[in-house]
file data15.pdb (PDB, N, CA and C atoms)
ATOM      1  N   MET A  18      32.129  42.545  26.449
ATOM      2  CA  MET A  18      31.508  42.769  25.166
ATOM      3  C   MET A  18      30.318  41.815  25.052
ATOM      4  N   PRO A  19      29.136  42.290  24.625
ATOM      5  CA  PRO A  19      27.982  41.398  24.504
ATOM      6  C   PRO A  19      28.182  40.390  23.386
ATOM      7  N   ARG A  20      27.650  39.187  23.606
ATOM      8  CA  ARG A  20      27.736  38.150  22.585
ATOM      9  C   ARG A  20      26.787  38.468  21.451
ATOM     10  N   LYS A  21      27.213  38.206  20.229
ATOM     11  CA  LYS A  21      26.312  38.439  19.104
ATOM     12  C   LYS A  21      25.285  37.318  19.037
ATOM     13  N   GLN A  22      24.127  37.649  18.521
ATOM     14  CA  GLN A  22      23.046  36.666  18.377
ATOM     15  C   GLN A  22      23.445  35.672  17.294
ATOM     16  N   ILE A  23      23.423  34.393  17.612
ATOM     17  CA  ILE A  23      23.813  33.354  16.663
ATOM     18  C   ILE A  23      22.563  32.759  16.036
ATOM     19  N   GLU A  24      22.576  32.696  14.722
ATOM     20  CA  GLU A  24      21.472  32.085  13.990
ATOM     21  C   GLU A  24      21.538  30.564  14.149
ATOM     22  N   PRO A  25      20.385  29.908  14.247
ATOM     23  CA  PRO A  25      20.414  28.443  14.304
ATOM     24  C   PRO A  25      20.925  27.881  12.978
ATOM     25  N   PHE A  26      21.591  26.750  13.059
ATOM     26  CA  PHE A  26      22.150  26.117  11.864
ATOM     27  C   PHE A  26      21.086  25.287  11.167
ATOM     28  N   ARG A  27      20.924  25.525   9.878
ATOM     29  CA  ARG A  27      20.000  24.740   9.057
ATOM     30  C   ARG A  27      20.715  24.383   7.760
ATOM     31  N   LEU A  28      20.656  23.111   7.381
ATOM     32  CA  LEU A  28      21.266  22.699   6.122
ATOM     33  C   LEU A  28      20.448  23.245   4.961
ATOM     34  N   LYS A  29      21.131  23.744   3.939
ATOM     35  CA  LYS A  29      20.480  24.205   2.720
ATOM     36  C   LYS A  29      20.444  23.024   1.760
ATOM     37  N   CYS A  30      19.286  22.690   1.286
ATOM     38  CA  CYS A  30      19.138  21.545   0.393
ATOM     39  C   CYS A  30      19.264  21.985  -1.061
ATOM     40  N   GLU A  31      20.365  22.671  -1.362
ATOM     41  CA  GLU A  31      20.626  23.120  -2.715
ATOM     42  C   GLU A  31      21.195  21.968  -3.524
ATOM     43  N   ASP A  32      21.007  22.054  -4.823
ATOM     44  CA  ASP A  32      21.578  21.043  -5.708
ATOM     45  C   ASP A  32      23.070  21.326  -5.823
ATOM     46  N   THR A  33      23.900  20.428  -5.307
ATOM     47  CA  THR A  33      25.346  20.625  -5.365
ATOM     48  C   THR A  33      25.947  19.643  -6.357
ATOM     49  N   GLN A  34      26.800  20.158  -7.205
ATOM     50  CA  GLN A  34      27.480  19.337  -8.195
ATOM     51  C   GLN A  34      28.691  18.671  -7.549
ATOM     52  N   ALA A  35      29.010  17.477  -8.000
ATOM     53  CA  ALA A  35      30.200  16.788  -7.498
ATOM     54  C   ALA A  35      31.434  17.593  -7.898
ATOM     55  N   LYS A  36      32.322  17.783  -6.963
ATOM     56  CA  LYS A  36      33.541  18.541  -7.216
ATOM     57  C   LYS A  36      34.702  17.556  -7.352
ATOM     58  N   PRO A  37      35.797  18.012  -7.948
ATOM     59  CA  PRO A  37      36.965  17.124  -8.036
ATOM     60  C   PRO A  37      37.393  16.674  -6.640
ATOM     61  N   LYS A  38      38.011  15.504  -6.578
ATOM     62  CA  LYS A  38      38.442  14.975  -5.280
ATOM     63  C   LYS A  38      39.417  15.925  -4.608
ATOM     64  N   GLN A  39      39.244  16.056  -3.308
ATOM     65  CA  GLN A  39      40.075  16.923  -2.490
ATOM     66  C   GLN A  39      40.850  16.045  -1.511
ATOM     67  N   PRO A  40      41.760  16.639  -0.753
ATOM     68  CA  PRO A  40      42.499  15.869   0.243
ATOM     69  C   PRO A  40      41.558  15.211   1.257
ATOM     70  N   ILE A  41      42.017  14.155   1.858
ATOM     71  CA  ILE A  41      41.233  13.411   2.844
ATOM     72  C   ILE A  41      41.270  14.129   4.181
ATOM     73  N   VAL A  42      40.119  14.193   4.835
ATOM     74  CA  VAL A  42      40.025  14.738   6.187
ATOM     75  C   VAL A  42      39.576  13.594   7.088
ATOM     76  N   ARG A  43      40.282  13.358   8.157
ATOM     77  CA  ARG A  43      39.941  12.267   9.066
ATOM     78  C   ARG A  43      39.035  12.779  10.178
ATOM     79  N   LEU A  44      38.007  11.999  10.485
ATOM     80  CA  LEU A  44      37.033  12.348  11.511
ATOM     81  C   LEU A  44      36.936  11.234  12.533
ATOM     82  N   LYS A  45      36.479  11.600  13.730
ATOM     83  CA  LYS A  45      36.149  10.574  14.714
ATOM     84  C   LYS A  45      34.990   9.752  14.144
ATOM     85  N   PRO A  46      34.949   8.449  14.426
ATOM     86  CA  PRO A  46      33.851   7.627  13.918
ATOM     87  C   PRO A  46      32.465   8.180  14.282
ATOM     88  N   SER A  47      32.320   8.741  15.483
ATOM     89  CA  SER A  47      31.008   9.270  15.884
ATOM     90  C   SER A  47      30.602  10.456  15.006
ATOM     91  N   TYR A  48      31.558  11.303  14.596
ATOM     92  CA  TYR A  48      31.235  12.419  13.715
ATOM     93  C   TYR A  48      30.831  11.899  12.340
ATOM     94  N   TYR A  49      31.571  10.922  11.858
ATOM     95  CA  TYR A  49      31.249  10.352  10.541
ATOM     96  C   TYR A  49      29.855   9.744  10.555
ATOM     97  N   GLN A  50      29.514   9.046  11.620
ATOM     98  CA  GLN A  50      28.177   8.452  11.726
ATOM     99  C   GLN A  50      27.092   9.523  11.730
ATOM    100  N   MET A  51      27.330  10.646  12.428
ATOM    101  CA  MET A  51      26.358  11.746  12.428
ATOM    102  C   MET A  51      26.192  12.317  11.023
ATOM    103  N   LEU A  52      27.307  12.483  10.315
ATOM    104  CA  LEU A  52      27.242  13.009   8.960
ATOM    105  C   LEU A  52      26.523  12.047   8.021
ATOM    106  N   GLU A  53      26.781  10.758   8.176
ATOM    107  CA  GLU A  53      26.087   9.758   7.358
ATOM    108  C   GLU A  53      24.581   9.794   7.611
ATOM    109  N   GLN A  54      24.186   9.984   8.864
ATOM    110  CA  GLN A  54      22.763  10.085   9.204
ATOM    111  C   GLN A  54      22.146  11.310   8.524
ATOM    112  N   LEU A  55      22.845  12.452   8.587
ATOM    113  CA  LEU A  55      22.347  13.655   7.912
ATOM    114  C   LEU A  55      22.253  13.432   6.405
ATOM    115  N   LYS A  56      23.213  12.724   5.843
ATOM    116  CA  LYS A  56      23.195  12.421   4.413
ATOM    117  C   LYS A  56      21.958  11.601   4.059
ATOM    118  N   ARG A  57      21.657  10.584   4.880
ATOM    119  CA  ARG A  57      20.464   9.756   4.623
ATOM    120  C   ARG A  57      19.182  10.579   4.747
ATOM    121  N   GLU A  58      19.146  11.463   5.752
ATOM    122  CA  GLU A  58      17.932  12.258   5.992
ATOM    123  C   GLU A  58      17.704  13.329   4.930
ATOM    124  N   THR A  59      18.781  13.934   4.434
ATOM    125  CA  THR A  59      18.645  15.073   3.523
ATOM    126  C   THR A  59      18.880  14.738   2.064
ATOM    127  N   GLY A  60      19.630  13.662   1.799
ATOM    128  CA  GLY A  60      19.989  13.342   0.423
ATOM    129  C   GLY A  60      21.145  14.180  -0.098
ATOM    130  N   LEU A  61      21.711  15.021   0.756
ATOM    131  CA  LEU A  61      22.854  15.843   0.349
ATOM    132  C   LEU A  61      24.133  15.019   0.371
ATOM    133  N   PRO A  62      25.105  15.383  -0.459
ATOM    134  CA  PRO A  62      26.393  14.683  -0.405
ATOM    135  C   PRO A  62      27.144  15.058   0.868
ATOM    136  N   LEU A  63      27.977  14.132   1.344
ATOM    137  CA  LEU A  63      28.752  14.382   2.561
ATOM    138  C   LEU A  63      29.564  15.675   2.470
ATOM    139  N   GLY A  64      30.230  15.890   1.352
ATOM    140  CA  GLY A  64      31.042  17.089   1.190
ATOM    141  C   GLY A  64      30.226  18.363   1.338
ATOM    142  N   GLY A  65      29.012  18.362   0.787
ATOM    143  CA  GLY A  65      28.142  19.533   0.895
ATOM    144  C   GLY A  65      27.733  19.801   2.330
ATOM    145  N   ILE A  66      27.452  18.740   3.079
ATOM    146  CA  ILE A  66      27.074  18.890   4.489
ATOM    147  C   ILE A  66      28.254  19.450   5.279
ATOM    148  N   VAL A  67      29.428  18.871   5.080
ATOM    149  CA  VAL A  67      30.624  19.300   5.805
ATOM    150  C   VAL A  67      30.949  20.764   5.475
ATOM    151  N   GLU A  68      30.864  21.143   4.207
ATOM    152  CA  GLU A  68      31.149  22.522   3.819
ATOM    153  C   GLU A  68      30.206  23.495   4.518
ATOM    154  N   GLN A  69      28.921  23.156   4.566
ATOM    155  CA  GLN A  69      27.956  24.037   5.219
ATOM    156  C   GLN A  69      28.236  24.149   6.718
ATOM    157  N   CYS A  70      28.592  23.039   7.345
ATOM    158  CA  CYS A  70      28.914  23.070   8.782
ATOM    159  C   CYS A  70      30.139  23.946   9.044
ATOM    160  N   ILE A  71      31.156  23.816   8.214
ATOM    161  CA  ILE A  71      32.369  24.613   8.382
ATOM    162  C   ILE A  71      32.069  26.087   8.135
ATOM    163  N   ASP A  72      31.317  26.393   7.067
ATOM    164  CA  ASP A  72      30.957  27.786   6.792
ATOM    165  C   ASP A  72      30.236  28.400   7.983
ATOM    166  N   TYR A  73      29.267  27.676   8.543
ATOM    167  CA  TYR A  73      28.505  28.171   9.689
ATOM    168  C   TYR A  73      29.424  28.402  10.888
ATOM    169  N   ALA A  74      30.286  27.439  11.155
ATOM    170  CA  ALA A  74      31.187  27.553  12.310
ATOM    171  C   ALA A  74      32.104  28.763  12.167
ATOM    172  N   ILE A  75      32.643  28.973  10.991
ATOM    173  CA  ILE A  75      33.560  30.096  10.783
ATOM    174  C   ILE A  75      32.817  31.429  10.885
ATOM    175  N   GLU A  76      31.617  31.508  10.304
ATOM    176  CA  GLU A  76      30.837  32.744  10.366
ATOM    177  C   GLU A  76      30.443  33.094  11.796
ATOM    178  N   ASN A  77      30.250  32.101  12.646
ATOM    179  CA  ASN A  77      29.769  32.333  14.014
ATOM    180  C   ASN A  77      30.853  32.168  15.066
ATOM    181  N   MET A  78      32.098  32.033  14.651
ATOM    182  CA  MET A  78      33.202  31.852  15.571
ATOM    183  C   MET A  78      33.485  33.187  16.295
ATOM    184  N   GLU A  79      33.697  33.093  17.586
ATOM    185  CA  GLU A  79      34.073  34.284  18.341
ATOM    186  C   GLU A  79      35.522  34.616  18.029
ATOM    187  N   LYS A  80      35.754  35.874  17.808
ATOM    188  CA  LYS A  80      37.115  36.323  17.494
ATOM    189  C   LYS A  80      37.895  36.490  18.790
ATOM    190  N   GLY A  81      39.128  36.012  18.796
ATOM    191  CA  GLY A  81      39.982  36.153  19.965
ATOM    192  C   GLY A  81      40.404  37.602  20.148
ATOM    193  N   GLU A  82      40.695  37.945  21.376
ATOM    194  CA  GLU A  82      41.108  39.331  21.654
ATOM    195  C   GLU A  82      42.607  39.471  21.532
TER     196      GLU A  82
END
call {"tool": "encode", "arguments": {"input": "data15.pdb", "output": "structure tokens"}}
result
Amino acid sequence: MPRKQIEPFRLKCEDTQAKPKQPIVRLKPSYYQMLEQLKRETGLPLGGIVEQCIDYAIENMEKGE
């Protein structure tokens, strides 16, 4: 089956409101550092960045047979 064309990932700099606290998700320190860097570069909240990354990953995930 041919692979579908994957769109490049780009963060949306939308105004996101703070949401109520959610459960804690643990990350490798290197991932957290990458997210902190993106936060500094974009001004987006960490939660907003993580949500967008997860949404992109799920939308572009290959379905198992």
call {"tool": "atom_distance", "arguments": {"input": "data15.pdb", "atom1": "atom N of A:Tyr48", "atom2": "atom N of A:Gly81"}}
result
26.2 Å
call {"tool": "atom_distance", "arguments": {"input": "data15.pdb", "atom1": "atom CA of A:Lys80", "atom2": "atom CA of A:Leu55"}}
result
28.7 Å
call {"tool": "axis_aligned_box", "arguments": {"input": "data15.pdb", "around": "stretch 48-62 of chain A", "padding_each_side": "8 Å", "output": "AutoDock Vina command-line options"}}
result
--center_x 24.6 --center_y 12.1 --center_z 7.1 --size_x 29.9 --size_y 23.4 --size_z 31.1
call {"tool": "resolve_selection", "arguments": {"input": "data15.pdb", "expression": "the PyMOL selection byres (((chain A and resi 22-32 and name CA) around 12) and name CA)", "output": "number ranges by chain"}}
result
A: 19-21, 33-35, 52, 55-56, 58-63, 65-79
call {"tool": "atom_distance", "arguments": {"input": "data15.pdb", "atom1": "atom N of A:Gln39", "atom2": "atom C of A:Gly64"}}
result
10.4 Å
call {"tool": "select_by_dssp", "arguments": {"input": "data15.pdb", "residues": "chain A", "states": "helix (DSSP H, G or I)", "output": "PDB file with N, CA and C atoms, keeping the file's coordinate frame"}}
result
ATOM      1  N   PRO A  46      34.949   8.449  14.426  1.00  0.00           N
ATOM      2  CA  PRO A  46      33.851   7.627  13.918  1.00  0.00           C
ATOM      3  C   PRO A  46      32.465   8.180  14.282  1.00  0.00           C
ATOM      4  N   SER A  47      32.320   8.741  15.483  1.00  0.00           N
ATOM      5  CA  SER A  47      31.008   9.270  15.884  1.00  0.00           C
ATOM      6  C   SER A  47      30.602  10.456  15.006  1.00  0.00           C
ATOM      7  N   TYR A  48      31.558  11.303  14.596  1.00  0.00           N
ATOM      8  CA  TYR A  48      31.235  12.419  13.715  1.00  0.00           C
ATOM      9  C   TYR A  48      30.831  11.899  12.340  1.00  0.00           C
ATOM     10  N   TYR A  49      31.571  10.922  11.858  1.00  0.00           N
ATOM     11  CA  TYR A  49      31.249  10.352  10.541  1.00  0.00           C
ATOM     12  C   TYR A  49      29.855   9.744  10.555  1.00  0.00           C
ATOM     13  N   GLN A  50      29.514   9.046  11.620  1.00  0.00           N
ATOM     14  CA  GLN A  50      28.177   8.452  11.726  1.00  0.00           C
ATOM     15  C   GLN A  50      27.092   9.523  11.730  1.00  0.00           C
ATOM     16  N   MET A  51      27.330  10.646  12.428  1.00  0.00           N
ATOM     17  CA  MET A  51      26.358  11.746  12.428  1.00  0.00           C
ATOM     18  C   MET A  51      26.192  12.317  11.023  1.00  0.00           C
ATOM     19  N   LEU A  52      27.307  12.483  10.315  1.00  0.00           N
ATOM     20  CA  LEU A  52      27.242  13.009   8.960  1.00  0.00           C
ATOM     21  C   LEU A  52      26.523  12.047   8.021  1.00  0.00           C
ATOM     22  N   GLU A  53      26.781  10.758   8.176  1.00  0.00           N
ATOM     23  CA  GLU A  53      26.087   9.758   7.358  1.00  0.00           C
ATOM     24  C   GLU A  53      24.581   9.794   7.611  1.00  0.00           C
ATOM     25  N   GLN A  54      24.186   9.984   8.864  1.00  0.00           N
ATOM     26  CA  GLN A  54      22.763  10.085   9.204  1.00  0.00           C
ATOM     27  C   GLN A  54      22.146  11.310   8.524  1.00  0.00           C
ATOM     28  N   LEU A  55      22.845  12.452   8.587  1.00  0.00           N
ATOM     29  CA  LEU A  55      22.347  13.655   7.912  1.00  0.00           C
ATOM     30  C   LEU A  55      22.253  13.432   6.405  1.00  0.00           C
ATOM     31  N   LYS A  56      23.213  12.724   5.843  1.00  0.00           N
ATOM     32  CA  LYS A  56      23.195  12.421   4.413  1.00  0.00           C
ATOM     33  C   LYS A  56      21.958  11.601   4.059  1.00  0.00           C
ATOM     34  N   ARG A  57      21.657  10.584   4.880  1.00  0.00           N
ATOM     35  CA  ARG A  57      20.464   9.756   4.623  1.00  0.00           C
ATOM     36  C   ARG A  57      19.182  10.579   4.747  1.00  0.00           C
ATOM     37  N   GLU A  58      19.146  11.463   5.752  1.00  0.00           N
ATOM     38  CA  GLU A  58      17.932  12.258   5.992  1.00  0.00           C
ATOM     39  C   GLU A  58      17.704  13.329   4.930  1.00  0.00           C
ATOM     40  N   THR A  59      18.781  13.934   4.434  1.00  0.00           N
ATOM     41  CA  THR A  59      18.645  15.073   3.523  1.00  0.00           C
ATOM     42  C   THR A  59      18.880  14.738   2.064  1.00  0.00           C
ATOM     43  N   LEU A  63      27.977  14.132   1.344  1.00  0.00           N
ATOM     44  CA  LEU A  63      28.752  14.382   2.561  1.00  0.00           C
ATOM     45  C   LEU A  63      29.564  15.675   2.470  1.00  0.00           C
ATOM     46  N   GLY A  64      30.230  15.890   1.352  1.00  0.00           N
ATOM     47  CA  GLY A  64      31.042  17.089   1.190  1.00  0.00           C
ATOM     48  C   GLY A  64      30.226  18.363   1.338  1.00  0.00           C
ATOM     49  N   GLY A  65      29.012  18.362   0.787  1.00  0.00           N
ATOM     50  CA  GLY A  65      28.142  19.533   0.895  1.00  0.00           C
ATOM     51  C   GLY A  65      27.733  19.801   2.330  1.00  0.00           C
ATOM     52  N   ILE A  66      27.452  18.740   3.079  1.00  0.00           N
ATOM     53  CA  ILE A  66      27.074  18.890   4.489  1.00  0.00           C
ATOM     54  C   ILE A  66      28.254  19.450   5.279  1.00  0.00           C
ATOM     55  N   VAL A  67      29.428  18.871   5.080  1.00  0.00           N
ATOM     56  CA  VAL A  67      30.624  19.300   5.805  1.00  0.00           C
ATOM     57  C   VAL A  67      30.949  20.764   5.475  1.00  0.00           C
ATOM     58  N   GLU A  68      30.864  21.143   4.207  1.00  0.00           N
ATOM     59  CA  GLU A  68      31.149  22.522   3.819  1.00  0.00           C
ATOM     60  C   GLU A  68      30.206  23.495   4.518  1.00  0.00           C
ATOM     61  N   GLN A  69      28.921  23.156   4.566  1.00  0.00           N
ATOM     62  CA  GLN A  69      27.956  24.037   5.219  1.00  0.00           C
ATOM     63  C   GLN A  69      28.236  24.149   6.718  1.00  0.00           C
ATOM     64  N   CYS A  70      28.592  23.039   7.345  1.00  0.00           N
ATOM     65  CA  CYS A  70      28.914  23.070   8.782  1.00  0.00           C
ATOM     66  C   CYS A  70      30.139  23.946   9.044  1.00  0.00           C
ATOM     67  N   ILE A  71      31.156  23.816   8.214  1.00  0.00           N
ATOM     68  CA  ILE A  71      32.369  24.613   8.382  1.00  0.00           C
ATOM     69  C   ILE A  71      32.069  26.087   8.135  1.00  0.00           C
ATOM     70  N   ASP A  72      31.317  26.393   7.067  1.00  0.00           N
ATOM     71  CA  ASP A  72      30.957  27.786   6.792  1.00  0.00           C
ATOM     72  C   ASP A  72      30.236  28.400   7.983  1.00  0.00           C
ATOM     73  N   TYR A  73      29.267  27.676   8.543  1.00  0.00           N
ATOM     74  CA  TYR A  73      28.505  28.171   9.689  1.00  0.00           C
ATOM     75  C   TYR A  73      29.424  28.402  10.888  1.00  0.00           C
ATOM     76  N   ALA A  74      30.286  27.439  11.155  1.00  0.00           N
ATOM     77  CA  ALA A  74      31.187  27.553  12.310  1.00  0.00           C
ATOM     78  C   ALA A  74      32.104  28.763  12.167  1.00  0.00           C
ATOM     79  N   ILE A  75      32.643  28.973  10.991  1.00  0.00           N
ATOM     80  CA  ILE A  75      33.560  30.096  10.783  1.00  0.00           C
ATOM     81  C   ILE A  75      32.817  31.429  10.885  1.00  0.00           C
ATOM     82  N   GLU A  76      31.617  31.508  10.304  1.00  0.00           N
ATOM     83  CA  GLU A  76      30.837  32.744  10.366  1.00  0.00           C
ATOM     84  C   GLU A  76      30.443  33.094  11.796  1.00  0.00           C
TER      85      GLU A  76
END
call {"tool": "decode", "arguments": {"input": "data15.pdb", "residues": "stretch 70-82 of chain A", "atoms": "N, CA, C and O atoms", "output": "JSON list (two decimals), in the first residue's frame"}}
result
[["chain", "number", "residue", "atom", "x", "y", "z"],
["A", 70, "CYS", "N", 1.57, 18.54, 19.21],
["A", 70, "CYS", "CA", 2.44, 17.43, 18.80],
["A", 70, "CYS", "C", 1.69, 16.10, 18.81],
["A", 70, "CYS", "O", 1.81, 15.30, 17.87],
["A", 71, "ILE", "N", 0.90, 15.88, 19.84],
["A", 71, "ILE", "CA", 0.13, 14.64, 19.94],
["A", 71, "ILE", "C", -0.92, 14.58, 18.85],
["A", 71, "ILE", "O", -1.10, 13.55, 18.19],
["A", 72, "ASP", "N", -1.64, 15.69, 18.62],
["A", 72, "ASP", "CA", -2.65, 15.72, 17.56],
["A", 72, "ASP", "C", -2.02, 15.37, 16.22],
["A", 72, "ASP", "O", -2.56, 14.58, 15.45],
["A", 73, "TYR", "N", -0.86, 15.97, 15.91],
["A", 73, "TYR", "CA", -0.18, 15.72, 14.65],
["A", 73, "TYR", "C", 0.23, 14.25, 14.55],
["A", 73, "TYR", "O", 0.03, 13.61, 13.52],
["A", 74, "ALA", "N", 0.80, 13.72, 15.62],
["A", 74, "ALA", "CA", 1.25, 12.33, 15.60],
["A", 74, "ALA", "C", 0.08, 11.37, 15.37],
["A", 74, "ALA", "O", 0.19, 10.44, 14.57],
["A", 75, "ILE", "N", -1.03, 11.61, 16.02],
["A", 75, "ILE", "CA", -2.18, 10.72, 15.87],
["A", 75, "ILE", "C", -2.77, 10.83, 14.47],
["A", 75, "ILE", "O", -3.11, 9.83, 13.85],
["A", 76, "GLU", "N", -2.87, 12.05, 13.94],
["A", 76, "GLU", "CA", -3.41, 12.24, 12.59],
["A", 76, "GLU", "C", -2.54, 11.58, 11.53],
["A", 76, "GLU", "O", -3.04, 11.16, 10.49],
["A", 77, "ASN", "N", -1.24, 11.51, 11.76],
["A", 77, "ASN", "CA", -0.31, 10.98, 10.75],
["A", 77, "ASN", "C", 0.21, 9.59, 11.08],
["A", 77, "ASN", "O", 1.12, 9.11, 10.41],
["A", 78, "MET", "N", -0.35, 8.95, 12.08],
["A", 78, "MET", "CA", 0.08, 7.62, 12.49],
["A", 78, "MET", "C", -0.39, 6.59, 11.44],
["A", 78, "MET", "O", -1.51, 6.67, 10.95],
["A", 79, "GLU", "N", 0.50, 5.69, 11.10],
["A", 79, "GLU", "CA", 0.13, 4.61, 10.19],
["A", 79, "GLU", "C", -0.73, 3.62, 10.95],
["A", 79, "GLU", "O", -0.43, 3.25, 12.08],
["A", 80, "LYS", "N", -1.79, 3.21, 10.31],
["A", 80, "LYS", "CA", -2.70, 2.25, 10.93],
["A", 80, "LYS", "C", -2.15, 0.85, 10.75],
["A", 80, "LYS", "O", -1.68, 0.50, 9.69],
["A", 81, "GLY", "N", -2.19, 0.06, 11.81],
["A", 81, "GLY", "CA", -1.73, -1.32, 11.74],
["A", 81, "GLY", "C", -2.68, -2.16, 10.92],
["A", 81, "GLY", "O", -3.85, -1.87, 10.80],
["A", 82, "GLU", "N", -2.14, -3.21, 10.35],
["A", 82, "GLU", "CA", -2.99, -4.09, 9.52],
["A", 82, "GLU", "C", -3.61, -5.18, 10.37],
["A", 82, "GLU", "O", -3.08, -5.65, 11.31]]
